[in-house]
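Visitor: Got a file for you: my_file-v3.cif, mmCIF, C-alpha atoms and all ligand atoms; chains and numbers go by the auth columns.
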data_entry
loop_
_atom_site.group_PDB
_atom_site.id
_atom_site.type_symbol
_atom_site.label_atom_id
_atom_site.label_comp_id
_atom_site.label_asym_id
_atom_site.label_seq_id
_atom_site.Cartn_x
_atom_site.Cartn_y
_atom_site.Cartn_z
_atom_site.B_iso_or_equiv
_atom_site.auth_seq_id
_atom_site.auth_asym_id
ATOM 1 C CA MET A 1 58.059 147.006 157.409 0.00 1 A
ATOM 2 C CA LYS A 2 56.652 149.320 154.774 0.00 2 A
ATOM 3 C CA ALA A 3 59.056 152.212 154.224 0.00 3 A
ATOM 4 C CA ASP A 4 56.765 155.168 153.694 0.00 4 A
ATOM 5 C CA GLU A 5 57.984 158.692 153.102 0.00 5 A
ATOM 6 C CA ALA A 6 57.848 159.739 156.775 0.00 6 A
ATOM 7 C CA TYR A 7 59.770 156.627 157.846 0.00 7 A
ATOM 8 C CA ILE A 8 62.497 157.154 155.224 0.00 8 A
ATOM 9 C CA ARG A 9 62.814 160.829 156.171 0.00 9 A
ATOM 10 C CA GLU A 10 63.161 159.959 159.854 0.00 10 A
ATOM 11 C CA SER A 11 65.655 157.207 159.053 0.00 11 A
ATOM 12 C CA ILE A 12 67.913 159.762 157.345 0.00 12 A
ATOM 13 C CA LEU A 13 67.525 162.747 159.702 0.00 13 A
ATOM 14 C CA ASN A 14 67.292 160.897 163.015 0.00 14 A
ATOM 15 C CA SER A 15 68.729 157.547 162.023 0.00 15 A
ATOM 16 C CA THR A 16 68.975 156.111 165.510 0.00 16 A
ATOM 17 C CA ALA A 17 65.245 156.608 166.266 0.00 17 A
ATOM 18 C CA LYS A 18 64.287 153.293 164.664 0.00 18 A
ATOM 19 C CA VAL A 19 67.032 150.832 163.897 0.00 19 A
ATOM 20 C CA VAL A 20 66.368 147.827 161.694 0.00 20 A
ATOM 21 C CA LYS A 21 66.387 144.574 163.676 0.00 21 A
ATOM 22 C CA ASP A 22 69.795 142.858 163.833 0.00 22 A
ATOM 23 C CA TYR A 23 71.626 146.022 162.695 0.00 23 A
ATOM 24 C CA ASN A 24 73.826 148.202 164.863 0.00 24 A
ATOM 25 C CA PRO A 25 73.037 151.940 165.124 0.00 25 A
ATOM 26 C CA ILE A 26 76.120 153.042 163.164 0.00 26 A
ATOM 27 C CA MET A 27 74.351 155.271 160.656 0.00 27 A
ATOM 28 C CA PRO A 28 75.074 158.950 161.354 0.00 28 A
ATOM 29 C CA PRO A 29 72.064 161.260 161.776 0.00 29 A
ATOM 30 C CA TYR A 30 71.872 163.813 158.949 0.00 30 A
ATOM 31 C CA GLN A 31 69.754 166.355 160.852 0.00 31 A
ATOM 32 C CA GLY A 32 71.300 169.815 160.326 0.00 32 A
ATOM 33 C CA GLN A 33 73.576 168.649 157.520 0.00 33 A
ATOM 34 C CA LEU A 34 71.144 168.500 154.625 0.00 34 A
ATOM 35 C CA LYS A 35 68.781 171.127 153.253 0.00 35 A
ATOM 36 C CA ASP A 36 65.128 170.147 153.136 0.00 36 A
ATOM 37 C CA ASP A 37 65.141 169.776 149.337 0.00 37 A
ATOM 38 C CA GLU A 38 68.226 167.544 149.588 0.00 38 A
ATOM 39 C CA VAL A 39 66.439 165.302 152.102 0.00 39 A
ATOM 40 C CA THR A 40 63.403 165.222 149.803 0.00 40 A
ATOM 41 C CA ALA A 41 65.609 164.174 146.876 0.00 41 A
ATOM 42 C CA LEU A 42 67.144 161.355 148.945 0.00 42 A
ATOM 43 C CA VAL A 43 63.687 160.222 150.085 0.00 43 A
ATOM 44 C CA GLU A 44 62.534 160.134 146.439 0.00 44 A
ATOM 45 C CA TYR A 45 65.640 158.142 145.487 0.00 45 A
ATOM 46 C CA VAL A 46 65.199 155.592 148.282 0.00 46 A
ATOM 47 C CA LYS A 47 61.503 155.224 147.337 0.00 47 A
ATOM 48 C CA SER A 48 62.524 154.581 143.711 0.00 48 A
ATOM 49 C CA LEU A 49 64.585 151.585 144.870 0.00 49 A
ATOM 50 C CA GLY A 50 61.433 149.801 145.978 0.00 50 A
ATOM 51 C CA SER A 51 61.551 146.531 147.905 0.00 51 A
ATOM 52 C CA ALA A 52 60.474 142.916 147.712 0.00 52 A
ATOM 53 C CA GLY A 53 56.714 142.550 147.421 0.00 53 A
ATOM 54 C CA ASN A 54 56.279 146.187 146.501 0.00 54 A
HETATM 55 C C1 LIG B . 72.825 160.083 152.622 0.00 101 B
HETATM 56 C C2 LIG B . 73.242 158.872 152.932 0.00 101 B
HETATM 57 C C3 LIG B . 72.316 157.813 153.499 0.00 101 B
HETATM 58 C C4 LIG B . 70.996 157.569 153.265 0.00 101 B
HETATM 59 C C5 LIG B . 70.051 158.300 152.300 0.00 101 B
HETATM 60 C C6 LIG B . 70.599 156.440 154.101 0.00 101 B
HETATM 61 C C7 LIG B . 69.315 155.916 154.171 0.00 101 B
HETATM 62 C C8 LIG B . 68.920 154.924 155.042 0.00 101 B
HETATM 63 C C9 LIG B . 67.557 154.444 155.235 0.00 101 B
HETATM 64 C C10 LIG B . 66.312 154.993 154.489 0.00 101 B
HETATM 65 C C11 LIG B . 67.589 153.441 156.156 0.00 101 B
HETATM 66 C C12 LIG B . 66.388 152.620 156.670 0.00 101 B
HETATM 67 C C13 LIG B . 66.340 151.305 155.909 0.00 101 B
HETATM 68 C C14 LIG B . 65.154 150.426 156.256 0.00 101 B
HETATM 69 O O1 LIG B . 64.494 150.627 157.281 0.00 101 B
HETATM 70 O O2 LIG B . 64.876 149.489 155.477 0.00 101 B
HETATM 71 C C15 LIG B . 68.968 153.277 156.554 0.00 101 B
HETATM 72 C C16 LIG B . 69.415 152.325 157.459 0.00 101 B
HETATM 73 C C17 LIG B . 70.740 152.085 157.758 0.00 101 B
HETATM 74 N N1 LIG B . 71.836 152.818 157.345 0.00 101 B
HETATM 75 FE FE1 LIG B . 71.757 154.453 156.136 0.00 101 B
HETATM 76 N N2 LIG B . 71.713 156.005 154.821 0.00 101 B
HETATM 77 C C18 LIG B . 72.768 156.817 154.499 0.00 101 B
HETATM 78 C C19 LIG B . 74.051 156.753 155.025 0.00 101 B
HETATM 79 C C20 LIG B . 74.523 155.741 155.833 0.00 101 B
HETATM 80 C C21 LIG B . 75.902 155.617 156.318 0.00 101 B
HETATM 81 C C22 LIG B . 77.015 156.607 155.997 0.00 101 B
HETATM 82 C C23 LIG B . 75.972 154.471 157.055 0.00 101 B
HETATM 83 C C24 LIG B . 77.101 153.790 157.757 0.00 101 B
HETATM 84 C C25 LIG B . 78.295 154.362 157.937 0.00 101 B
HETATM 85 C C26 LIG B . 74.633 153.881 157.058 0.00 101 B
HETATM 86 C C27 LIG B . 74.295 152.709 157.702 0.00 101 B
HETATM 87 C C28 LIG B . 72.980 152.249 157.852 0.00 101 B
HETATM 88 C C29 LIG B . 72.632 151.049 158.625 0.00 101 B
HETATM 89 C C30 LIG B . 73.598 150.128 159.343 0.00 101 B
HETATM 90 C C31 LIG B . 71.215 150.947 158.557 0.00 101 B
HETATM 91 C C32 LIG B . 70.342 149.843 159.215 0.00 101 B
HETATM 92 C C33 LIG B . 70.171 150.076 160.687 0.00 101 B
HETATM 93 C C34 LIG B . 69.323 151.295 160.963 0.00 101 B
HETATM 94 O O3 LIG B . 68.114 151.236 160.775 0.00 101 B
HETATM 95 O O4 LIG B . 69.916 152.340 161.343 0.00 101 B
HETATM 96 N N3 LIG B . 73.795 154.686 156.303 0.00 101 B
HETATM 97 N N4 LIG B . 69.768 154.163 155.870 0.00 101 B
#
Represent the structure from my file as structure tokens, please.
Ligand code: HEM

Guide:
Amino acid sequence: MKADEAYIRESILNSTAKVVKDYNPIMPPYQGQLKDDEVTALVEYVKSLGSAGN
């Protein structure tokens, strides 16, 4: 699936909302633990990693 900004943000804040196939929902949700600019920085970082066929 294409990891757009909204998807990455949701995957960090509410990590159990959509769990990647064949993975267990062990990632903790970061809602309430990170400031908005910290979440934005993480989203930018994850985007910079790219992915196959990107
Ligand atoms: C600030 C720290 C973290 C960030 C930014 C982060 C980010 C992400 C993102 C963006 C995804 C979605 C990947 C995709 O759909 O291709 C993901 C999935 C996942 N993360 Fe994290 N993660 C963090 C911490 C953790 C921790 C501490 C654990 C385990 C103890 C963890 C375990 C997982 C697992 C197992 C998945 C795949 C299953 C799922 O979709 O939930 N992550 N993470």

Visitor: Give as a list in words the residues surrounding ligand LIG 101 (chain B) up to a distance of 6 Å, considering all atoms listed in the file.

Guide: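 What falls inside 6 Å of ligand LIG 101 (chain B) is Ile8, Ser11, Ile12, Ser15, Thr16, Lys18, Val19, Val20, Tyr23, Asn24, Pro25, Ile26, Met27 and Leu42 of chain A.
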
Visitor: From the options A:Leu13, A:Val43, A:Tyr7, A:Ser51, which residue's atoms come nearest to Pro28 in chain A, counting all atoms listed in the file?

Guide: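 Closest to Pro28 in chain A of all the choices is A:Leu13.
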
Visitor: Taking the file as I've supplied it (selection: the PyMOL selection byres (((chain A and resi 31) around 8) and not hetatm)), which residues are included? Please answer as an mmCIF file with C-alpha atoms, in the coordinates of the input.

Guide:
data_model
loop_
_atom_site.group_PDB
_atom_site.id
_atom_site.type_symbol
_atom_site.label_atom_id
_atom_site.label_comp_id
_atom_site.auth_asym_id
_atom_site.auth_seq_id
_atom_site.Cartn_x
_atom_site.Cartn_y
_atom_site.Cartn_z
ATOM 1 C CA ILE A 12 67.913 159.762 157.345
ATOM 2 C CA LEU A 13 67.525 162.747 159.702
ATOM 3 C CA ASN A 14 67.292 160.897 163.015
ATOM 4 C CA PRO A 29 72.064 161.260 161.776
ATOM 5 C CA TYR A 30 71.872 163.813 158.949
ATOM 6 C CA GLY A 32 71.300 169.815 160.326
ATOM 7 C CA GLN A 33 73.576 168.649 157.520
ATOM 8 C CA LEU A 34 71.144 168.500 154.625
#

Visitor: Would you compute the box with edges along x, y and z of the file around range 12-28 of chain A, including every atom the file lists for it and 8 Å extra on each side, and give its centre and edge lengths in Å to one decimal, as lines of an AutoDock Vina configuration file?

Guide:
center_x = 70.2
center_y = 152.8
center_z = 161.8
size_x = 27.8
size_y = 35.9
size_z = 24.9

Visitor: When you draw a straight line from CA of Ala17 in chain A to CA of Val39 in chain A, how long is it in Å?

Guide: 16.7 Å

Visitor: Work out how far apart CA of Gly50 in chain A and CA of Glu38 in chain A are and give it in Å to one decimal.

Guide: 19.3 Å
